[in-house]
Every structure is written in C-alpha cells, then in structure tokens.
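So this block is coords-v4.cif, mmCIF, C-alpha atoms and all ligand atoms:
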```cif
data_start
loop_
_atom_site.label_atom_id
_atom_site.label_comp_id
_atom_site.auth_asym_id
_atom_site.auth_seq_id
_atom_site.Cartn_x
_atom_site.Cartn_y
_atom_site.Cartn_z
CA MET M 89 -5.46 -0.30 -13.01
CA LEU M 90 -4.56 -3.19 -10.69
CA THR M 91 -6.27 -6.52 -11.33
CA PHE M 92 -6.44 -9.65 -9.18
CA ASP M 93 -7.53 -12.45 -11.50
CA HIS M 94 -8.50 -15.75 -9.84
CA VAL M 95 -5.62 -15.47 -7.37
CA THR M 96 -4.95 -18.25 -4.89
CA LYS M 97 -2.26 -18.48 -2.21
CA GLN M 98 -1.51 -21.67 -0.39
CA PHE M 99 0.69 -21.81 2.74
CA GLY M 100 1.13 -25.55 3.17
CA ALA M 101 -2.35 -26.86 3.92
CA LEU M 102 -3.77 -23.37 4.47
CA LYS M 103 -5.51 -21.64 1.57
CA ALA M 104 -4.87 -18.05 2.68
CA ILE M 105 -6.28 -16.65 -0.58
CA ASP M 106 -8.95 -18.63 -2.37
CA ASP M 107 -9.82 -17.62 -5.95
CA VAL M 108 -9.86 -13.85 -5.43
CA SER M 109 -10.77 -11.58 -8.35
CA PHE M 110 -11.32 -7.83 -8.24
CA LYS M 111 -10.15 -4.69 -9.97
CA VAL M 112 -8.69 -1.54 -8.44
CA LYS M 113 -9.42 1.50 -10.56
CA PRO M 114 -7.36 4.68 -10.82
CA GLY M 115 -8.74 7.95 -9.49
CA ILE M 116 -10.52 6.41 -6.52
CA ILE M 117 -9.75 4.89 -3.13
CA THR M 118 -10.49 1.18 -2.86
CA ALA M 119 -10.61 -0.13 0.69
CA VAL M 120 -9.95 -3.77 1.53
CA ILE M 121 -11.38 -4.76 4.89
CA GLY M 122 -12.00 -8.01 6.72
CA PRO M 123 -11.33 -9.75 10.03
CA ASN M 124 -7.79 -10.60 11.14
CA GLY M 125 -6.36 -13.41 9.04
CA ALA M 126 -8.77 -12.74 6.15
CA GLY M 127 -5.83 -12.48 3.73
CA LYS M 128 -5.52 -8.71 3.23
CA SER M 129 -1.77 -8.43 3.80
CA THR M 130 -1.19 -11.57 1.76
CA LEU M 131 -2.80 -9.85 -1.24
CA VAL M 132 -0.43 -6.89 -0.84
CA ASN M 133 2.57 -9.16 -0.34
CA MET M 134 1.76 -11.08 -3.52
CA ALA M 135 1.16 -7.94 -5.58
CA ALA M 136 4.46 -6.44 -4.41
CA GLY M 137 6.40 -9.65 -5.05
CA SER M 138 7.15 -10.47 -1.41
CA TYR M 139 5.10 -13.68 -1.67
CA GLY M 140 4.77 -15.93 -4.69
CA VAL M 141 1.33 -16.56 -6.18
CA SER M 142 0.08 -20.17 -6.05
CA SER M 143 -2.23 -19.65 -9.02
CA GLY M 144 -3.93 -16.84 -10.91
CA ARG M 145 -2.63 -13.51 -12.18
CA ILE M 146 -1.98 -10.05 -10.77
CA LEU M 147 -1.71 -7.29 -13.38
CA VAL M 148 -0.88 -3.58 -13.49
CA ASP M 149 -2.12 -1.99 -16.70
CA GLY M 150 -2.09 -5.37 -18.41
CA VAL M 151 1.44 -6.31 -17.27
CA GLU M 152 1.55 -9.57 -15.30
CA LEU M 153 3.40 -9.11 -12.02
CA GLN M 154 3.26 -12.54 -10.47
CA ARG M 155 6.56 -13.81 -11.86
CA LEU M 156 8.48 -10.52 -11.72
CA PRO M 157 11.11 -9.74 -9.06
CA LYS M 158 10.30 -6.97 -6.58
CA HIS M 159 12.31 -4.23 -8.29
CA ARG M 160 10.64 -4.92 -11.65
CA ILE M 161 7.24 -4.68 -9.93
CA ALA M 162 8.29 -1.34 -8.44
CA HIS M 163 9.42 -0.28 -11.89
CA ALA M 164 5.99 -1.26 -13.26
CA GLY M 165 4.62 1.45 -10.94
CA LEU M 166 3.52 -0.41 -7.81
CA ALA M 167 4.44 0.85 -4.34
CA ARG M 168 3.36 -0.32 -0.90
CA THR M 169 3.65 0.43 2.79
CA TYR M 170 4.07 -2.23 5.46
CA GLN M 171 1.67 -3.09 8.26
CA ASN M 172 4.71 -2.97 10.57
CA ILE M 173 6.99 0.01 9.95
CA ARG M 174 10.11 -0.90 7.99
CA LEU M 175 12.30 2.18 7.98
CA PHE M 176 16.07 2.32 8.25
CA ASP M 177 16.07 3.69 11.81
CA GLY M 178 19.66 4.92 11.75
CA MET M 179 19.30 6.79 8.46
CA SER M 180 17.90 10.26 8.08
CA VAL M 181 14.31 10.65 6.96
CA VAL M 182 15.34 12.02 3.57
CA LYS M 183 17.84 9.14 3.05
CA ASN M 184 15.02 6.69 3.72
CA LEU M 185 13.20 8.21 0.77
CA GLU M 186 16.28 8.38 -1.43
CA VAL M 187 16.93 4.65 -1.16
CA ALA M 188 13.50 4.10 -2.69
CA LEU M 189 14.74 5.96 -5.77
CA VAL M 190 18.17 4.42 -6.23
CA PRO M 191 18.58 1.65 -8.82
CA PRO M 192 17.56 -1.11 -9.12
CA LYS M 193 14.43 0.10 -7.33
CA VAL M 194 13.95 2.93 -9.75
CA GLY M 195 10.59 4.62 -9.87
CA ARG M 196 8.85 5.43 -13.10
CA LEU M 197 9.24 9.19 -12.81
CA VAL M 198 12.81 9.01 -11.61
CA ALA M 199 13.79 7.06 -14.68
CA ASP M 200 13.36 10.40 -16.45
CA THR M 201 16.39 11.72 -14.61
CA PHE M 202 18.69 9.03 -15.98
CA GLY M 203 19.66 11.35 -18.79
CA LEU M 204 21.39 13.55 -16.24
CA THR M 205 24.93 13.03 -15.01
CA GLY M 206 25.32 11.14 -11.74
CA ARG M 207 25.56 14.24 -9.59
CA ALA M 208 22.66 16.05 -11.24
CA ALA M 209 20.53 12.93 -10.92
CA ALA M 210 21.38 12.69 -7.22
CA GLU M 211 20.40 16.32 -6.72
CA GLU M 212 17.19 15.75 -8.64
CA ARG M 213 16.38 12.75 -6.44
CA ARG M 214 17.07 14.75 -3.30
CA ALA M 215 14.85 17.60 -4.48
CA ARG M 216 12.07 15.13 -5.21
CA CYS M 217 12.37 13.62 -1.73
CA HIS M 218 12.25 17.03 -0.10
CA ALA M 219 9.17 17.96 -2.13
CA VAL M 220 7.34 14.84 -0.92
CA LEU M 221 8.40 15.49 2.69
CA GLU M 222 7.11 19.04 2.37
CA ARG M 223 3.81 17.76 1.02
CA LEU M 224 3.37 15.37 3.95
CA GLY M 225 4.32 17.96 6.56
CA LEU M 226 7.65 16.29 7.33
CA ALA M 227 10.06 18.91 5.96
CA ALA M 228 11.28 19.91 9.42
CA HIS M 229 12.29 16.30 10.13
CA ALA M 230 14.19 15.63 6.87
CA GLU M 231 17.63 15.38 8.47
CA GLN M 232 16.54 13.61 11.68
CA GLN M 233 17.17 9.89 12.17
CA ALA M 234 14.01 8.05 11.16
CA GLY M 235 14.13 5.95 14.34
CA SER M 236 14.03 9.06 16.52
CA LEU M 237 10.68 10.24 15.19
CA ALA M 238 7.37 9.68 16.96
CA TYR M 239 5.48 6.59 15.80
CA GLY M 240 2.84 8.62 13.95
CA GLN M 241 5.52 10.52 12.07
CA GLN M 242 7.28 7.29 11.14
CA LYS M 243 4.02 6.03 9.63
CA LEU M 244 3.95 9.18 7.50
CA VAL M 245 7.58 8.62 6.45
CA GLU M 246 6.52 5.15 5.27
CA LEU M 247 3.82 6.78 3.20
CA ALA M 248 6.30 9.35 1.85
CA ARG M 249 8.71 6.61 0.84
CA ALA M 250 5.95 4.79 -1.01
CA VAL M 251 4.82 7.84 -2.99
CA VAL M 252 8.21 9.37 -3.79
CA ALA M 253 8.69 7.41 -7.02
CA GLY M 254 5.29 8.50 -8.33
CA PRO M 255 3.55 5.11 -8.36
CA ARG M 256 0.47 4.26 -10.44
CA VAL M 257 -0.65 1.73 -7.85
CA LEU M 258 -0.30 2.47 -4.12
CA LEU M 259 -1.06 -0.22 -1.54
CA LEU M 260 -1.38 1.00 2.06
CA ASP M 261 -1.41 -1.81 4.62
CA GLU M 262 -3.04 -0.48 7.81
CA PRO M 263 -1.50 3.01 7.69
CA ALA M 264 -3.64 4.17 10.64
CA ALA M 265 -2.79 1.24 12.93
CA GLY M 266 -1.58 2.60 16.27
CA LEU M 267 -2.34 6.23 15.42
CA ASN M 268 -4.31 8.42 17.80
CA HIS M 269 -7.38 10.36 16.70
CA GLY M 270 -5.53 13.49 15.63
CA GLU M 271 -2.86 11.55 13.74
CA THR M 272 -5.54 9.49 11.98
CA GLU M 273 -7.33 12.66 10.91
CA LEU M 274 -4.06 14.06 9.51
CA LEU M 275 -3.36 10.79 7.68
CA LYS M 276 -6.85 10.91 6.22
CA GLN M 277 -6.23 14.38 4.79
CA HIS M 278 -2.94 13.22 3.28
CA ILE M 279 -4.54 10.14 1.71
CA LEU M 280 -7.35 12.23 0.26
CA ALA M 281 -4.79 14.69 -1.11
CA LEU M 282 -2.95 11.84 -2.85
CA ARG M 283 -6.04 10.84 -4.78
CA ALA M 284 -5.24 11.49 -8.45
CA PRO M 285 -6.72 10.46 -11.81
CA ASP M 286 -3.78 8.20 -12.67
CA LEU M 287 -3.28 6.60 -9.25
CA ALA M 288 -5.02 3.42 -8.16
CA MET M 289 -5.05 3.37 -4.35
CA VAL M 290 -5.75 0.43 -2.06
CA LEU M 291 -6.34 1.13 1.61
CA ILE M 292 -6.30 -1.79 4.03
CA GLU M 293 -7.68 -0.67 7.36
CA HIS M 294 -9.35 -1.72 10.58
CA ASP M 295 -10.55 1.76 11.48
CA MET M 296 -14.13 1.58 10.15
CA LYS M 297 -14.76 5.27 10.65
CA LEU M 298 -11.79 6.08 8.44
CA ILE M 299 -12.79 3.46 5.86
CA MET M 300 -16.39 4.59 5.63
CA SER M 301 -15.43 8.25 5.36
CA ILE M 302 -12.82 8.09 2.60
CA SER M 303 -13.38 4.97 0.48
CA ASP M 304 -15.09 5.13 -2.89
CA THR M 305 -15.50 1.37 -2.99
CA ILE M 306 -14.98 -1.32 -0.35
CA VAL M 307 -13.90 -4.93 -0.89
CA VAL M 308 -14.72 -7.18 2.06
CA MET M 309 -12.50 -10.22 2.55
CA ASN M 310 -13.28 -13.17 4.79
CA ARG M 311 -11.31 -16.41 5.09
CA GLY M 312 -9.35 -15.74 1.92
CA GLN M 313 -12.36 -14.93 -0.23
CA VAL M 314 -14.12 -11.78 -1.42
CA LEU M 315 -17.34 -11.66 0.57
CA ALA M 316 -18.77 -8.45 -0.87
CA GLN M 317 -17.91 -5.27 -2.73
CA GLY M 318 -19.80 -1.99 -2.77
CA ASN M 319 -19.94 1.55 -1.44
CA ALA M 320 -20.08 2.37 2.27
CA ALA M 321 -23.89 2.26 2.47
CA GLU M 322 -24.08 -1.08 0.66
CA ILE M 323 -21.40 -2.64 2.86
CA ARG M 324 -23.02 -1.35 6.06
CA ALA M 325 -26.35 -2.90 5.04
CA ASN M 326 -24.85 -6.27 4.04
CA THR M 327 -25.89 -8.94 6.56
CA GLU M 328 -23.14 -11.38 5.48
CA VAL M 329 -20.56 -8.71 6.23
CA GLN M 330 -22.09 -8.01 9.63
CA GLU M 331 -21.98 -11.73 10.45
CA ALA M 332 -18.32 -12.05 9.37
CA TYR M 333 -17.38 -9.31 11.82
CA LEU M 334 -19.60 -10.54 14.65
CA GLY M 335 -18.15 -14.02 14.28
CA GLN M 336 -14.61 -12.75 14.80
P1 LIG F 401 -4.83 -10.14 7.29
O1 LIG F 401 -3.81 -9.18 6.77
O2 LIG F 401 -6.14 -10.03 6.61
O3 LIG F 401 -4.98 -10.06 8.79
P2 LIG F 401 -2.93 -12.14 6.41
O4 LIG F 401 -2.90 -11.94 4.94
O5 LIG F 401 -1.80 -11.60 7.19
O6 LIG F 401 -4.32 -11.63 6.99
O7 LIG F 401 -3.00 -13.69 6.72
C1 LIG F 401 -3.95 -14.55 6.07
C2 LIG F 401 -3.68 -15.97 6.50
O8 LIG F 401 -2.44 -16.42 5.95
C3 LIG F 401 -3.55 -16.12 8.01
O9 LIG F 401 -4.11 -17.37 8.38
C4 LIG F 401 -2.06 -16.13 8.23
O10 LIG F 401 -1.70 -16.84 9.38
C5 LIG F 401 -1.55 -16.81 6.97
N1 LIG F 401 -0.20 -16.36 6.59
C6 LIG F 401 0.14 -15.11 6.22
N2 LIG F 401 1.43 -15.04 5.90
C7 LIG F 401 1.93 -16.30 6.08
C8 LIG F 401 3.22 -16.90 5.92
N3 LIG F 401 4.27 -16.19 5.50
N4 LIG F 401 3.33 -18.22 6.19
C9 LIG F 401 2.28 -18.96 6.60
N5 LIG F 401 1.04 -18.46 6.77
C10 LIG F 401 0.87 -17.16 6.53
MG MG F 402 -2.67 -7.72 7.68
#
```
Would you mind giving the structure from this file in structure tokens?
Ligand code: ADP
Ligand code: MG
Amino acid sequence: MLTFDHVTKQFGALKAIDDVSFKVKPGIITAVIGPNGAGKSTLVNMAAGSYGVSSGRILVDGVELQRLPKHRIAHAGLARTYQNIRLFDGMSVVKNLEVALVPPKVGRLVADTFGLTGRAAAEERRARCHAVLERLGLAAHAEQQAGSLAYGQQKLVELARAVVAGPRVLLLDEPAAGLNHGETELLKQHILALRAPDLAMVLIEHDMKLIMSISDTIVVMNRGQVLAQGNAAEIRANTEVQEAYLGQ
C-alpha cells in the first residue's frame, strides 16, 4: 500500500501540493485526475524521489520514502513512468529494460538472482526482460533501437521498463497521452492485465473515457488539494468536480 500522509510541496511561493492525504490500495487501479497544474505529476515525482517533500510523509508498506534516495525507493518496490518519454533512444529496447535491473537500481524480484554468478544473473535479467516484452507485445522489437520505434510503442516500452523489476507500487503518469484510439485501447488491456493482488497501481490520466472505464477508485486533485475521491459514478455526479473542470 502507498500512503500520502499530509504531504505538502512548496516551489518558492507556490504551494503545488497542499496537505494531501490518501491511500493507494493493492489489487485495484487508483486514478488521479485533475486539471493541468493540479499537482498530479508532483505527487509522482515526490513519491519516486525526484522531488523533495516540503512536509508530510509518503510510505510504501509502512516504510517512509520521503528522505530516501531514488534507488532505495525503487528497491522498496516503487516504479514509475514519465509523462514525457525518457528512454535511452540509442539503446535497444531490451537494454532499456536491463538498465532498470542493474544495481544500484535493483528491483525486489531481481535481488533474488544475486545468489547467481555474474553471468548467470545477467542471463536471468535478460530472460526477465524478454518475458516482459513478450507480455506487452513488444517481443519483435527487442533488439531495435528504442528511438526508432513509433511513439505508441515507446510508451509501451516505458511501461515495460517500469514493471520489469516486479514493483509493488506502479505510478503511471499519463501513459495514454498522445496515443490514438487503437493504441489507447491496447494500453488499457495491458494495464488491466497488470492488475494483481499485490500491486498498488496509480493511473494519472486526462482521457476521461479511459479513466472511467478502468479505475476502481478516482482521486480528484485541484490546485494542489484532494477535491474528491470515489468511484466513477460518484465522481461524475460531483458538482465540485464538474466546476473544477469547467473552470479550467
Ligand atoms: P499536473 O501534473 O497536475 O499537471 P504538476 O504537478 O506538473 O501538475 O504541477 C503542479 C504545479 O507545480 C504547477 O503550478 C507547476 O507549474 C508547478 N511545478 C511543478 N514542477 C515544478 C518545478 N520543478 N518547479 C517549480 N514549479 C513546479
Ligand atoms: Mg502532469
């Protein structure tokens, strides 16, 4: 479980996150929505250790993350994708996944392979990467340069890289941004297939149709605060939420 506990983030005079508390449970998909600038990416960046926390706590299974370096946060089982693709364009697709498994950014499951000799561990890592690529329909592209893939495929490689270490918390920052209808539908199937009893998933998205169709619970952010939380029907019926979007 991922917990935001009275979290605040100040950028100079701007309070980007203002006393935010909510829990993200395993086994379900939690969507975080809200107008541009609401603070959604800032939450992800703080959880993953890219941004410091001004006050409050962020925990994974009771472990406080807010003072840990990025690789320790990854080790604690948290993985994320970026709103803007951040692949190593010149590296092959499979190499992009392998770097997510190489120390110090060692995933929880991969730590199991440390008992193996260097070469066996490398082979184990490679096999794991290929298995994830297979699962996400990317097997045929494994040896291609990441930068040569179509945009929609690169978004899937980002997802593959985030899941390869077997995270317990997965934060997806606008994975459908820029995808066409068919690509979005494919992404939706992959996200649904990732749903697992021991994985807490956060989906940040603008595509309301996608959000409403796959989220188990929805957290609505506005101006750095949590405006509402509920299921799709509750959020649709919430007048405050409607106003926040109309006022954009
Ligand atoms: P969202 O992802 O919901 O669109 P963000 O979390 O990116 O919103 O941004 C929330 C607010 O914080 C915005 O006003 C944005 O300009 C500001 N912000 C985000 N990152 C930084 C930063 N590194 N430095 C200064 N301000 C930032
Ligand atoms: Mg954002």
- Query: For Asp106 in chain M, which residue among M:Ala284, M:Met134, M:Val314, M:Val151 is the nearest when counting only C-alpha atoms?
  - Reply: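 Comparing M:Ala284, M:Met134, M:Val314, M:Val151 against Asp106 in chain M, the winner is M:Val314.
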- Message: Calculated over only C-alpha atoms, which of the candidates M:Leu166, M:Val95, M:Gly127, M:Val112 has the smallest distance to Gly312 in chain M?
- Response: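 With only C-alpha atoms as the atom set, the closest residue is M:Gly127.
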- Task: Kindly compile the residues surrounding ligand MG 402 (chain F) within 7 Å, counting only C-alpha atoms and all ligand atoms, and format them as a PyMOL selection string.
- Result: chain M and resi 124-125+127-129+171+261
Residues of the last selection are to be written out with C-alpha atoms, as a PDB file, keeping the file's coordinate frame.
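Written output follows (result_11.pdb):
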```
ATOM      1  CA  ASN M 124      -7.790 -10.600  11.140  1.00  0.00           C
ATOM      2  CA  GLY M 125      -6.360 -13.410   9.040  1.00  0.00           C
ATOM      3  CA  GLY M 127      -5.830 -12.480   3.730  1.00  0.00           C
ATOM      4  CA  LYS M 128      -5.520  -8.710   3.230  1.00  0.00           C
ATOM      5  CA  SER M 129      -1.770  -8.430   3.800  1.00  0.00           C
ATOM      6  CA  GLN M 171       1.670  -3.090   8.260  1.00  0.00           C
ATOM      7  CA  ASP M 261      -1.410  -1.810   4.620  1.00  0.00           C
TER       8      ASP M 261
END
```
- Message: For a quick check of understanding, using all atoms listed in the file, which of M:His229, M:Arg324, M:Lys183, M:His294 has the smallest distance to ligand LIG 401 (chain F)?
- Response: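 Going through M:His229, M:Arg324, M:Lys183, M:His294 one by one, the smallest distance to ligand LIG 401 (chain F) is for M:His294.
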- Item | Nearest to ligand LIG 401 (chain F), chosen from M:Asn172, M:Asn310, M:Gln154, M:Ser236, with all atoms listed in the file counted in the distances |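 Selected residue with least distance to ligand LIG 401 (chain F): M:Asn310.
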- Message: So, with all atoms listed in the file as the atoms that count, which of M:Ala210, M:Ile116, M:Leu156, M:Thr169 lies closest to Val190 in chain M?
- Response: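 Looking only at the distances to Val190 in chain M, the closest residue turns out to be M:Ala210.
Closest approach to ligand LIG 401 (chain F) among M:Gly115, M:Gly240, M:Gly235, M:Gly140: M:Gly140, based on all atoms listed in the file.
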- Message: Neighbouring residues of ligand LIG 401 (chain F) are defined here as those with any atom at most 9 Å from a ligand atom, counting all atoms listed in the file; list them as JSON, numbers by chain.
- Response: {"M": [97, 98, 99, 100, 102, 103, 104, 105, 120, 121, 122, 123, 124, 125, 126, 127, 128, 129, 130, 131, 132, 133, 139, 171, 261, 262, 292, 309, 310, 311, 312]}
- Write out as an MDAnalysis selection string each polymer residue whose atoms come within 10 Å of Ala164 in chain M, counting all atoms listed in the file; drop sequence neighbours fewer than 2 positions from it. chainID M and resid 147:149 151:153 156 158:162 166:167 194:196 255:257
- Message: One number please: CA of Leu189 in chain M to CA of Ala253 in chain M, in Å, one decimal.
- Response: 6.3 Å
- For CA of Pro285 in chain M and CA of Glu271 in chain M, the interatomic separation in Å (one decimal):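 Computing it gives 25.9 Å between the two atoms.
With all atoms listed in the file taken into account, the protein and nucleic acid residues at most 12 Å from range 230-233 of chain M (excluding it and anything under 4 positions from it in its own chain) are Leu175, Phe176, Asp177, Gly178, Met179, Ser180, Val181, Val182, Lys183, Asn184, Leu185, Glu186, Arg214, Ala215, Cys217, His218, Ala219, Val220, Leu221, Glu222, Leu224, Gly225, Leu226, Leu237, Ala238, Gln241, Gln242, Val245 and Ala248 of chain M.
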